[in-house]
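Q: Please find protein_6.cif (mmCIF, C-alpha atoms) on the next line:
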data_start
loop_
_atom_site.label_atom_id
_atom_site.label_comp_id
_atom_site.auth_asym_id
_atom_site.auth_seq_id
_atom_site.Cartn_x
_atom_site.Cartn_y
_atom_site.Cartn_z
CA MET A 1 366.78 88.93 199.90
CA GLY A 2 363.83 90.83 198.38
CA ILE A 3 365.17 92.68 195.37
CA SER A 4 362.12 94.00 193.56
CA ARG A 5 361.88 95.92 190.29
CA ASP A 6 358.64 97.75 190.96
CA SER A 7 358.13 101.47 190.67
CA ARG A 8 355.56 101.65 193.45
CA HIS A 9 358.25 102.38 196.02
CA LYS A 10 359.38 105.48 194.15
CA ARG A 11 357.96 108.94 194.48
CA ASN A 12 355.60 110.36 191.84
CA ALA A 13 356.76 112.74 189.16
CA THR A 14 355.20 115.49 191.28
CA GLY A 15 357.23 114.41 194.30
CA ALA A 16 354.36 112.87 196.19
CA LYS A 17 355.16 109.85 198.33
CA ARG A 18 353.16 106.85 197.18
CA ALA A 19 351.43 104.84 199.86
CA GLN A 20 352.09 101.12 199.86
CA TYR A 21 348.85 99.32 199.10
CA ARG A 22 350.02 95.81 198.23
CA LYS A 23 352.90 93.46 198.91
CA LYS A 24 355.71 92.70 196.53
CA ARG A 25 354.66 90.47 193.68
CA LYS A 26 356.67 87.65 192.16
CA PHE A 27 356.54 89.14 188.66
CA GLU A 28 358.39 92.20 189.96
CA LEU A 29 361.28 90.18 191.32
CA GLY A 30 364.93 90.93 190.80
CA ARG A 31 367.86 88.62 191.42
CA GLN A 32 371.39 89.08 192.66
CA ALA A 33 373.87 90.30 190.09
CA ALA A 34 376.20 87.71 188.59
CA ASN A 35 379.43 89.74 188.75
CA THR A 36 381.08 87.31 186.38
CA LYS A 37 384.78 87.03 187.10
CA LEU A 38 387.67 85.64 185.09
CA GLY A 39 388.40 82.03 185.93
CA ALA A 40 387.57 78.42 185.18
CA LYS A 41 384.06 78.22 183.74
CA ARG A 42 381.33 78.09 186.36
CA ILE A 43 377.74 78.65 185.23
CA HIS A 44 374.59 78.42 187.31
CA GLU A 45 371.27 77.76 185.67
CA VAL A 46 368.27 79.80 186.83
CA ARG A 47 364.64 78.90 186.32
CA THR A 48 362.83 82.06 185.19
CA ARG A 49 359.29 83.19 184.54
CA GLY A 50 357.39 80.86 182.25
CA GLY A 51 359.72 77.97 182.96
CA ASN A 52 362.48 79.42 180.83
CA ARG A 53 366.16 79.40 181.75
CA LYS A 54 368.89 81.92 182.20
CA PHE A 55 372.52 80.95 182.51
CA ARG A 56 374.20 82.95 185.21
CA ALA A 57 377.92 82.81 184.47
CA MET A 58 379.81 83.14 187.74
CA ARG A 59 383.24 82.58 186.19
CA LEU A 60 384.29 82.57 182.57
CA ASP A 61 387.58 82.35 180.80
CA ALA A 62 386.83 82.11 177.08
CA GLY A 63 384.38 83.46 174.55
CA ASN A 64 383.54 83.67 170.88
CA PHE A 65 385.00 86.90 169.53
CA SER A 66 384.50 88.17 166.02
CA TRP A 67 386.86 90.13 163.82
CA GLY A 68 384.39 92.41 162.08
CA SER A 69 386.36 93.65 159.11
CA GLU A 70 387.41 90.09 158.20
CA ALA A 71 383.98 88.67 159.09
CA ILE A 72 385.22 85.70 161.10
CA SER A 73 384.79 84.56 164.69
CA ARG A 74 386.99 82.41 166.82
CA LYS A 75 386.74 81.05 170.34
CA THR A 76 389.45 82.70 172.38
CA ARG A 77 390.70 82.96 175.93
CA VAL A 78 389.86 86.19 177.75
CA VAL A 79 393.03 87.37 179.44
CA ALA A 80 392.16 90.47 181.41
CA VAL A 81 389.57 93.20 181.88
CA VAL A 82 391.13 96.45 180.88
CA TYR A 83 388.47 99.19 180.88
CA ASN A 84 384.90 99.72 181.99
CA ALA A 85 383.04 102.92 181.19
CA SER A 86 380.66 102.56 184.15
CA ASN A 87 382.85 101.66 187.07
CA ASN A 88 386.57 101.38 187.68
CA GLU A 89 385.90 98.93 190.47
CA LEU A 90 384.76 96.41 187.85
CA VAL A 91 388.12 96.72 186.15
CA ARG A 92 390.01 96.26 189.40
CA THR A 93 388.06 93.10 190.29
CA GLY A 94 388.10 91.81 186.71
CA THR A 95 384.34 91.60 186.26
CA LEU A 96 382.99 90.62 182.85
CA VAL A 97 379.98 92.64 181.79
CA LYS A 98 378.55 93.84 178.53
CA ASN A 99 380.56 96.65 176.96
CA ALA A 100 383.62 95.98 179.07
CA ILE A 101 386.90 96.22 177.19
CA VAL A 102 389.00 93.11 177.58
CA GLN A 103 392.22 91.69 176.22
CA ILE A 104 391.91 88.44 174.36
CA ASP A 105 394.40 85.89 173.12
CA ALA A 106 395.36 86.65 169.51
CA THR A 107 396.59 83.21 168.43
CA PRO A 108 393.40 81.83 166.79
CA PHE A 109 393.05 85.00 164.74
CA ARG A 110 396.70 84.98 163.76
CA GLN A 111 396.42 81.33 162.70
CA TRP A 112 393.37 82.09 160.58
CA TYR A 113 395.04 85.11 158.99
CA GLU A 114 398.19 83.22 158.11
CA SER A 115 396.25 80.37 156.56
CA HIS A 116 393.89 82.71 154.67
CA TYR A 117 396.40 85.21 153.32
CA ALA A 118 399.68 83.30 153.67
CA THR A 119 401.44 86.39 154.98
CA PRO A 120 402.83 87.00 158.45
CA ILE A 121 401.01 89.38 160.74
CA GLY A 122 402.27 91.27 163.73
CA ALA A 123 405.90 90.92 162.77
CA ARG A 124 408.05 92.45 165.46
CA LYS A 125 410.15 95.29 164.13
CA GLY A 126 413.60 96.01 165.47
CA LYS A 127 414.43 92.42 166.35
CA GLY A 128 417.80 91.41 164.95
CA ALA A 129 417.14 88.14 163.21
CA VAL A 130 413.89 87.86 161.33
CA LYS A 131 411.91 85.01 162.81
CA THR A 132 411.46 82.13 160.43
CA GLU A 133 408.02 82.24 158.92
CA SER A 134 405.61 79.80 160.40
CA GLU A 135 404.89 76.48 158.86
CA GLU A 136 401.35 77.64 158.13
CA ILE A 137 402.59 80.28 155.70
CA ASN A 138 405.10 78.11 153.93
CA LYS A 139 403.21 74.86 153.60
CA SER A 140 402.71 73.43 150.15
CA ARG A 141 399.33 74.14 148.63
CA SER A 142 397.51 72.95 145.58
CA ASN A 143 397.56 75.13 142.52
CA HIS A 144 393.93 76.13 142.88
CA VAL A 145 394.35 77.17 146.48
CA GLN A 146 397.53 79.04 145.65
CA ARG A 147 395.74 81.10 143.03
CA LYS A 148 392.93 81.91 145.46
CA ILE A 149 395.44 83.16 147.98
CA GLU A 150 397.18 85.28 145.40
CA GLY A 151 393.82 86.84 144.59
CA ARG A 152 393.31 87.80 148.23
CA LYS A 153 396.71 89.39 148.73
CA ALA A 154 395.44 92.79 147.66
CA GLU A 155 393.06 92.97 150.61
CA ALA A 156 395.44 91.55 153.16
CA LYS A 157 396.48 94.88 154.63
CA VAL A 158 395.71 95.22 158.32
CA ASP A 159 395.50 98.47 160.26
CA ALA A 160 398.73 99.46 162.04
CA ALA A 161 397.06 99.60 165.45
CA LEU A 162 395.81 96.02 165.06
CA ASP A 163 399.17 94.89 163.78
CA ASN A 164 400.86 96.13 166.95
CA GLN A 165 398.38 94.17 169.04
CA PHE A 166 399.08 91.01 167.06
CA ALA A 167 402.78 91.51 167.70
CA ALA A 168 402.06 91.56 171.43
CA GLY A 169 399.77 88.55 171.13
CA ARG A 170 396.85 90.35 172.78
CA LEU A 171 393.91 92.04 171.09
CA TYR A 172 391.53 94.56 172.58
CA ALA A 173 387.93 93.42 172.33
CA CYS A 174 384.57 94.62 173.57
CA ILE A 175 382.10 92.25 175.21
CA SER A 176 378.73 92.40 173.48
CA SER A 177 376.85 89.60 175.22
CA ARG A 178 375.48 89.65 178.75
CA PRO A 179 377.34 86.98 180.71
CA GLY A 180 374.89 87.04 183.59
CA GLN A 181 371.96 86.32 181.29
CA SER A 182 373.27 84.07 178.54
CA GLY A 183 376.25 82.57 180.33
CA ARG A 184 378.52 83.50 177.48
CA CYS A 185 381.23 86.07 177.06
CA ASP A 186 381.10 86.92 173.35
CA GLY A 187 382.21 90.09 171.68
CA TYR A 188 384.01 91.81 168.88
CA ILE A 189 387.55 92.99 168.29
CA LEU A 190 387.94 96.74 168.52
CA GLU A 191 388.91 98.42 165.28
CA GLY A 192 389.09 101.84 163.73
CA GLN A 193 387.76 104.82 165.64
CA GLU A 194 386.52 102.74 168.55
CA LEU A 195 389.97 101.27 169.03
CA ALA A 196 391.58 104.70 168.89
CA PHE A 197 389.05 105.99 171.42
CA TYR A 198 389.71 103.26 173.96
CA ILE A 199 393.47 103.28 173.52
CA ARG A 200 393.37 106.97 174.36
CA LYS A 201 391.29 106.24 177.46
CA LEU A 202 393.67 103.53 178.55
CA LYS A 203 396.70 105.72 178.14
CA LYS A 204 395.43 108.24 180.67
CA MET B 1 384.80 113.67 166.91
CA SER B 2 383.27 116.09 169.34
CA GLU B 3 380.29 113.90 170.16
CA GLN B 4 382.44 111.39 172.07
CA ILE B 5 382.15 113.10 175.45
CA GLU B 6 381.04 110.07 177.43
CA LYS B 7 383.30 107.42 178.90
CA ALA B 8 382.05 104.77 176.49
CA PHE B 9 382.37 105.00 172.73
CA GLN B 10 379.16 106.50 171.34
CA LYS B 11 377.98 104.91 168.14
CA GLN B 12 374.79 103.91 166.39
CA GLN B 13 373.87 100.39 167.37
CA GLY B 14 373.82 98.04 164.43
CA ILE B 15 375.83 99.88 161.81
CA PHE B 16 379.31 98.54 161.16
CA GLN B 17 381.92 101.25 160.90
CA ASN B 18 385.12 99.30 160.50
CA ALA B 19 384.98 97.94 156.99
CA LYS B 20 388.38 97.09 155.60
CA VAL B 21 390.68 99.77 154.27
CA GLY B 22 390.34 100.03 150.54
CA ALA B 23 386.83 98.63 150.51
CA LYS B 24 384.86 99.71 147.49
CA LYS B 25 381.89 101.59 148.84
CA SER B 26 383.35 103.59 151.72
CA VAL B 27 380.71 106.16 152.55
CA LYS B 28 382.23 108.64 154.95
CA ASN B 29 379.86 109.19 157.85
CA ASN B 30 378.08 105.86 157.55
CA ARG B 31 374.91 107.00 159.31
CA TRP B 32 371.60 105.20 159.75
CA TYR B 33 368.33 107.06 159.90
CA LYS B 34 364.68 106.26 159.39
CA GLU B 35 361.38 107.93 158.63
CA VAL B 36 359.06 107.91 161.61
CA GLY B 37 355.95 107.72 159.48
CA LEU B 38 352.65 109.57 159.81
CA GLY B 39 353.87 112.22 157.41
CA PHE B 40 356.62 113.63 159.63
CA LYS B 41 359.65 114.74 157.69
CA THR B 42 362.96 113.62 159.13
CA PRO B 43 365.08 116.76 159.64
CA LYS B 44 368.17 117.40 157.55
CA GLU B 45 370.26 117.70 160.71
CA ALA B 46 369.30 114.15 161.64
CA ILE B 47 370.61 112.80 158.34
CA GLU B 48 373.73 114.92 158.04
CA GLY B 49 374.58 115.48 161.68
CA HIS B 50 377.11 113.59 163.75
CA TYR B 51 375.28 113.29 167.05
CA ILE B 52 374.56 109.91 168.58
CA ASP B 53 371.25 109.60 170.39
CA LYS B 54 369.71 106.19 170.91
CA LYS B 55 366.41 107.81 171.92
CA CYS B 56 366.12 109.98 168.81
CA PRO B 57 363.08 108.99 166.74
CA PHE B 58 365.03 109.45 163.49
CA THR B 59 368.46 107.99 164.27
CA GLY B 60 367.79 105.83 167.30
CA ASP B 61 365.98 102.76 168.47
CA VAL B 62 362.52 104.13 169.31
CA SER B 63 359.34 103.80 167.31
CA ILE B 64 356.54 106.34 167.35
CA ARG B 65 353.15 104.79 167.87
CA GLY B 66 350.01 105.73 169.73
CA ARG B 67 349.18 109.34 170.51
CA ILE B 68 350.44 112.43 168.76
CA LEU B 69 350.06 115.54 170.88
CA THR B 70 351.06 119.18 170.68
CA GLY B 71 352.03 121.66 173.32
CA GLU B 72 354.11 124.67 174.20
CA ILE B 73 357.62 124.29 175.53
CA MET B 74 357.97 125.38 179.13
CA SER B 75 361.59 124.52 179.86
CA THR B 76 364.60 123.17 178.01
CA LYS B 77 366.95 122.95 180.97
CA MET B 78 367.30 119.17 181.01
CA LYS B 79 369.82 117.29 178.92
CA ARG B 80 368.04 116.27 175.69
CA THR B 81 364.55 116.47 177.22
CA ILE B 82 361.97 119.24 177.56
CA ILE B 83 358.83 119.98 179.52
CA ILE B 84 355.74 120.77 177.50
CA ARG B 85 352.63 122.47 178.78
CA ARG B 86 349.29 121.44 177.33
CA GLU B 87 346.34 123.66 178.13
CA TYR B 88 342.73 122.62 177.91
CA LEU B 89 339.31 123.74 179.09
CA HIS B 90 337.28 121.74 181.56
CA PHE B 91 333.51 122.15 181.59
CA ILE B 92 331.65 122.63 184.86
CA SER B 93 328.06 121.64 184.10
CA LYS B 94 326.55 123.30 187.16
CA TYR B 95 327.67 126.74 186.04
CA ASN B 96 327.66 126.02 182.35
CA ARG B 97 331.12 127.47 182.10
CA TYR B 98 334.68 126.40 181.46
CA GLU B 99 337.79 126.57 183.55
CA LYS B 100 341.39 126.53 182.38
CA ARG B 101 343.48 123.55 183.26
CA HIS B 102 346.89 122.39 182.17
CA LYS B 103 349.08 119.31 182.28
CA ASN B 104 352.85 119.11 181.98
CA LEU B 105 354.51 116.49 179.87
CA ALA B 106 358.14 115.46 179.68
CA ALA B 107 359.33 114.69 176.18
CA HIS B 108 362.70 113.67 174.79
CA MET B 109 364.14 116.12 172.31
CA SER B 110 366.66 114.89 169.79
CA PRO B 111 369.80 116.99 169.14
CA CYS B 112 368.65 117.37 165.54
CA PHE B 113 366.36 120.17 166.70
CA ILE B 114 368.66 123.10 167.30
CA GLY B 115 367.84 126.58 168.49
CA VAL B 116 364.69 125.56 170.30
CA GLN B 117 363.60 127.81 173.14
CA ALA B 118 360.85 128.04 175.73
CA GLY B 119 357.66 129.27 174.11
CA ASP B 120 357.97 127.32 170.89
CA SER B 121 355.13 125.08 169.88
CA VAL B 122 356.01 121.43 169.45
CA THR B 123 354.48 118.18 168.19
CA VAL B 124 355.31 115.05 170.17
CA GLY B 125 354.60 111.41 169.46
CA GLN B 126 354.15 108.58 171.91
CA CYS B 127 356.89 106.00 172.20
CA ARG B 128 357.94 103.38 174.71
CA PRO B 129 359.01 104.60 178.18
CA LEU B 130 362.42 106.24 177.87
CA SER B 131 362.79 107.13 181.53
CA LYS B 132 360.70 107.46 184.66
CA THR B 133 358.46 110.20 183.24
CA VAL B 134 359.34 110.41 179.54
CA ARG B 135 357.06 108.57 177.14
CA PHE B 136 357.02 111.05 174.30
CA ASN B 137 359.48 112.14 171.65
CA VAL B 138 359.64 115.46 169.82
CA LEU B 139 358.81 115.11 166.12
CA LYS B 140 358.37 118.66 164.90
CA VAL B 141 359.05 122.14 166.18
CA GLN B 142 357.06 125.21 165.16
CA LYS B 143 359.02 128.23 166.29
CA LYS B 144 357.17 131.00 168.03
CA VAL B 145 356.47 133.89 165.68
CA VAL B 146 356.99 137.21 167.40
CA LYS B 147 354.83 139.77 165.67
CA GLY B 148 356.70 142.81 164.36
CA ALA B 149 360.12 141.53 165.31
CA LYS B 150 361.72 140.61 162.03
CA ASN B 151 365.00 141.82 163.43
CA PHE B 152 366.40 140.13 166.50
CA ALA B 153 365.21 141.93 169.60
CA LYS B 154 367.84 140.30 171.83
CA PHE B 155 371.03 142.05 170.79
#
As a first step, turn the structure in this file into structure tokens.
A:
Amino acid sequence: MGISRDSRHKRNATGAKRAQYRKKRKFELGRQAANTKLGAKRIHEVRTRGGNRKFRAMRLDAGNFSWGSEAISRKTRVVAVVYNASNNELVRTGTLVKNAIVQIDATPFRQWYESHYATPIGARKGKGAVKTESEEINKSRSNHVQRKIEGRKAEAKVDAALDNQFAAGRLYACISSRPGQSGRCDGYILEGQELAFYIRKLKK
Amino acid sequence: MSEQIEKAFQKQQGIFQNAKVGAKKSVKNNRWYKEVGLGFKTPKEAIEGHYIDKKCPFTGDVSIRGRILTGEIMSTKMKRTIIIRREYLHFISKYNRYEKRHKNLAAHMSPCFIGVQAGDSVTVGQCRPLSKTVRFNVLKVQKKVVKGAKNFAKF
């Protein structure tokens, strides 16, 4: 293999070619890229310098995604890779890397929202019959809990762009962990200006 | 805004922009900046501007430590980095005289310094390696004073 991360093979800042005066050293080593794909979880453990470990995720299908403005995180299925700023090839092959934009399953977040605010989210407009509200919204609650929920109603408004995504059952999220290093695919749900930015990129 | 030219969304790492609608303290332009220390004033453009530069010493993730050097700007043709020329005298003991020598230095220049041209004098501080040759970051610019040219000579 022989992937090395040294700078001795590169030319000087002046352009001079550096002569090789020693062999490759182990501390300069590099390893093959993980190229984590979507699929049933498959993680290889790597022994690294100092006896420490890295978890090279070869295939992942779920991750812990956080909804920033509500300050909660839920473990969710990753459905598809949708955009990658570095390389379109990574989108085509569905490779999970840091800062890739993916679509995640919205159901855990919808369930949390409905139990926290007791209001429906992502209601489809234009459908003839209004769907019966879920059991989660209508269940009987104790007086104390009911009052807490009433107190939260004022802040229950969700951005229109997010609401549309909830209606479709898929949220756009950005991966913020490095799956090839930590073995996890964690991230955050896109909101606000970032969401608008990426939606515009996806439309093109 | 106009600073989103790249393919990925440019933002300051670590500051959360998407607080809920109707939140109490909604400061428009939620920008993070820091003082680099050693008596260097952080420019107004860094605090009020909209640029995103992770290598800026005032609004990015680099710390200034080690050497502080000065030099004269030779070229500003690179994107966000400049070449500085530092002149010095080297003593030849045999002849008891000096000779002029110079060294070039690549330094990262934050977008908060606007209107900087070749010939200006600049103070740079050492930081961690930012690229193959860049280990310094511009902290202060002293524009070149052209004697007897209070009016612009260009136009």
Q: Could you name the residues that touch Lys24 (chain A) at 10 Å or less, counting only C-alpha atoms, but leaving out those on the same chain fewer than 3 positions away, as a list in words?
A: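 With the cut-off at 10 Å, the set is Gly2, Ile3, Ser4, Arg5, Asp6, Arg8, Gln20, Tyr21, Phe27, Glu28 and Leu29 of chain A.
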Q: Please report the interatomic distance between CA of Leu96 (chain A) and CA of Glu191 (chain A) in Å with one decimal.
A: 20.1 Å
Q: Dump as a tab-separated table (two decimals) with C-alpha atoms, keeping the file's coordinate frame the residues of chain A that approach chain B to within 12 Å, counting all atoms listed in the file.
A:
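Below is the file that was written, part-v2.tsv:
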chain	number	residue	atom	x	y	z
A	6	ASP	CA	358.64	97.75	190.96
A	7	SER	CA	358.13	101.47	190.67
A	8	ARG	CA	355.56	101.65	193.45
A	10	LYS	CA	359.38	105.48	194.15
A	11	ARG	CA	357.96	108.94	194.48
A	12	ASN	CA	355.60	110.36	191.84
A	13	ALA	CA	356.76	112.74	189.16
A	14	THR	CA	355.20	115.49	191.28
A	15	GLY	CA	357.23	114.41	194.30
A	67	TRP	CA	386.86	90.13	163.82
A	68	GLY	CA	384.39	92.41	162.08
A	69	SER	CA	386.36	93.65	159.11
A	70	GLU	CA	387.41	90.09	158.20
A	71	ALA	CA	383.98	88.67	159.09
A	83	TYR	CA	388.47	99.19	180.88
A	84	ASN	CA	384.90	99.72	181.99
A	85	ALA	CA	383.04	102.92	181.19
A	86	SER	CA	380.66	102.56	184.15
A	87	ASN	CA	382.85	101.66	187.07
A	88	ASN	CA	386.57	101.38	187.68
A	98	LYS	CA	378.55	93.84	178.53
A	99	ASN	CA	380.56	96.65	176.96
A	100	ALA	CA	383.62	95.98	179.07
A	101	ILE	CA	386.90	96.22	177.19
A	154	ALA	CA	395.44	92.79	147.66
A	155	GLU	CA	393.06	92.97	150.61
A	156	ALA	CA	395.44	91.55	153.16
A	157	LYS	CA	396.48	94.88	154.63
A	158	VAL	CA	395.71	95.22	158.32
A	159	ASP	CA	395.50	98.47	160.26
A	160	ALA	CA	398.73	99.46	162.04
A	174	CYS	CA	384.57	94.62	173.57
A	176	SER	CA	378.73	92.40	173.48
A	188	TYR	CA	384.01	91.81	168.88
A	189	ILE	CA	387.55	92.99	168.29
A	190	LEU	CA	387.94	96.74	168.52
A	191	GLU	CA	388.91	98.42	165.28
A	192	GLY	CA	389.09	101.84	163.73
A	193	GLN	CA	387.76	104.82	165.64
A	194	GLU	CA	386.52	102.74	168.55
A	195	LEU	CA	389.97	101.27	169.03
A	196	ALA	CA	391.58	104.70	168.89
A	197	PHE	CA	389.05	105.99	171.42
A	198	TYR	CA	389.71	103.26	173.96
A	199	ILE	CA	393.47	103.28	173.52
A	200	ARG	CA	393.37	106.97	174.36
A	201	LYS	CA	391.29	106.24	177.46
A	202	LEU	CA	393.67	103.53	178.55
Q: Evaluating the PyMOL selection byres ((chain B and resi 107-114) around 10) on the displayed file yields which residues, as a VMD selection string?
A: chain B and resid 42 to 60 73 76 78 to 84 104 to 106 115 to 117 123 to 127 130 to 131 133 to 141
Q: Give me, please, the distance in Å between CA of Arg184 (chain A) and CA of Ala168 (chain A), quoted to one decimal.
A: 25.6 Å
Q: May I ask for the distance between CA of Lys41 (chain A) and CA of Val78 (chain A), given in Å to one decimal place?
A: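 The value is 11.5 Å.
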Q: Which is closer to Ser134 (chain A) than all the others in A:Lys37, A:Arg110, A:Lys23, A:Gln103, using all atoms listed in the file?
A: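 Under the stated criterion, the closest residue is A:Arg110.
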Q: Check the smallest atom-to-atom distance from each of B:Ser63, B:Gly71, B:Ser93, B:Leu38 to Pro129 (chain B) using only C-alpha atoms, then report the winner.
A: B:Ser63
Q: Using all atoms listed in the file for the distances, tell me which of A:Lys203, A:Glu135, A:Val145, A:Cys185 is nearest to Ala62 (chain A).
A: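 Among the listed residues, A:Cys185 lies closest to Ala62 (chain A).
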Q: So that I can check the surroundings of region 87-90 of chain B, please list as an MDAnalysis selection string every protein, DNA and RNA residue that reaches within 6 Å of it, counting only C-alpha atoms and ignoring chain neighbours fewer than 4 positions away.
A: chainID B and resid 98:102
Q: Show me the residues around (384.4, 80.4, 180.8) - criterion: an atom at most 9 Å away, all atoms listed in the file counted - as an mmCIF file with C-alpha atoms, in the coordinates of the input.
A:
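Ended up saving to part-v3.cif:
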data_model
loop_
_atom_site.group_PDB
_atom_site.id
_atom_site.type_symbol
_atom_site.label_atom_id
_atom_site.label_comp_id
_atom_site.auth_asym_id
_atom_site.auth_seq_id
_atom_site.Cartn_x
_atom_site.Cartn_y
_atom_site.Cartn_z
ATOM 1 C CA LEU A 38 387.670 85.640 185.090
ATOM 2 C CA GLY A 39 388.400 82.030 185.930
ATOM 3 C CA ALA A 40 387.570 78.420 185.180
ATOM 4 C CA LYS A 41 384.060 78.220 183.740
ATOM 5 C CA ARG A 42 381.330 78.090 186.360
ATOM 6 C CA ILE A 43 377.740 78.650 185.230
ATOM 7 C CA ALA A 57 377.920 82.810 184.470
ATOM 8 C CA MET A 58 379.810 83.140 187.740
ATOM 9 C CA ARG A 59 383.240 82.580 186.190
ATOM 10 C CA LEU A 60 384.290 82.570 182.570
ATOM 11 C CA ASP A 61 387.580 82.350 180.800
ATOM 12 C CA ALA A 62 386.830 82.110 177.080
ATOM 13 C CA GLY A 63 384.380 83.460 174.550
ATOM 14 C CA ARG A 77 390.700 82.960 175.930
ATOM 15 C CA VAL A 78 389.860 86.190 177.750
ATOM 16 C CA GLY A 183 376.250 82.570 180.330
ATOM 17 C CA ARG A 184 378.520 83.500 177.480
ATOM 18 C CA CYS A 185 381.230 86.070 177.060
#
Q: The centre and edge lengths of an axis-aligned box containing all atoms of region 51-56 of chain A present in the file, extended by 5 Å on each side, are to be given in Å to one decimal, as AutoDock Vina command-line options.
A:
--center_x 367.0 --center_y 80.5 --center_z 183.0 --size_x 24.5 --size_y 15.0 --size_z 14.4
Q: Using only C-alpha atoms, pick whichever of B:Arg67, B:Glu72, B:Lys103, B:Lys94 has the shortest atom-to-atom distance to Lys143 (chain B).
A: B:Glu72
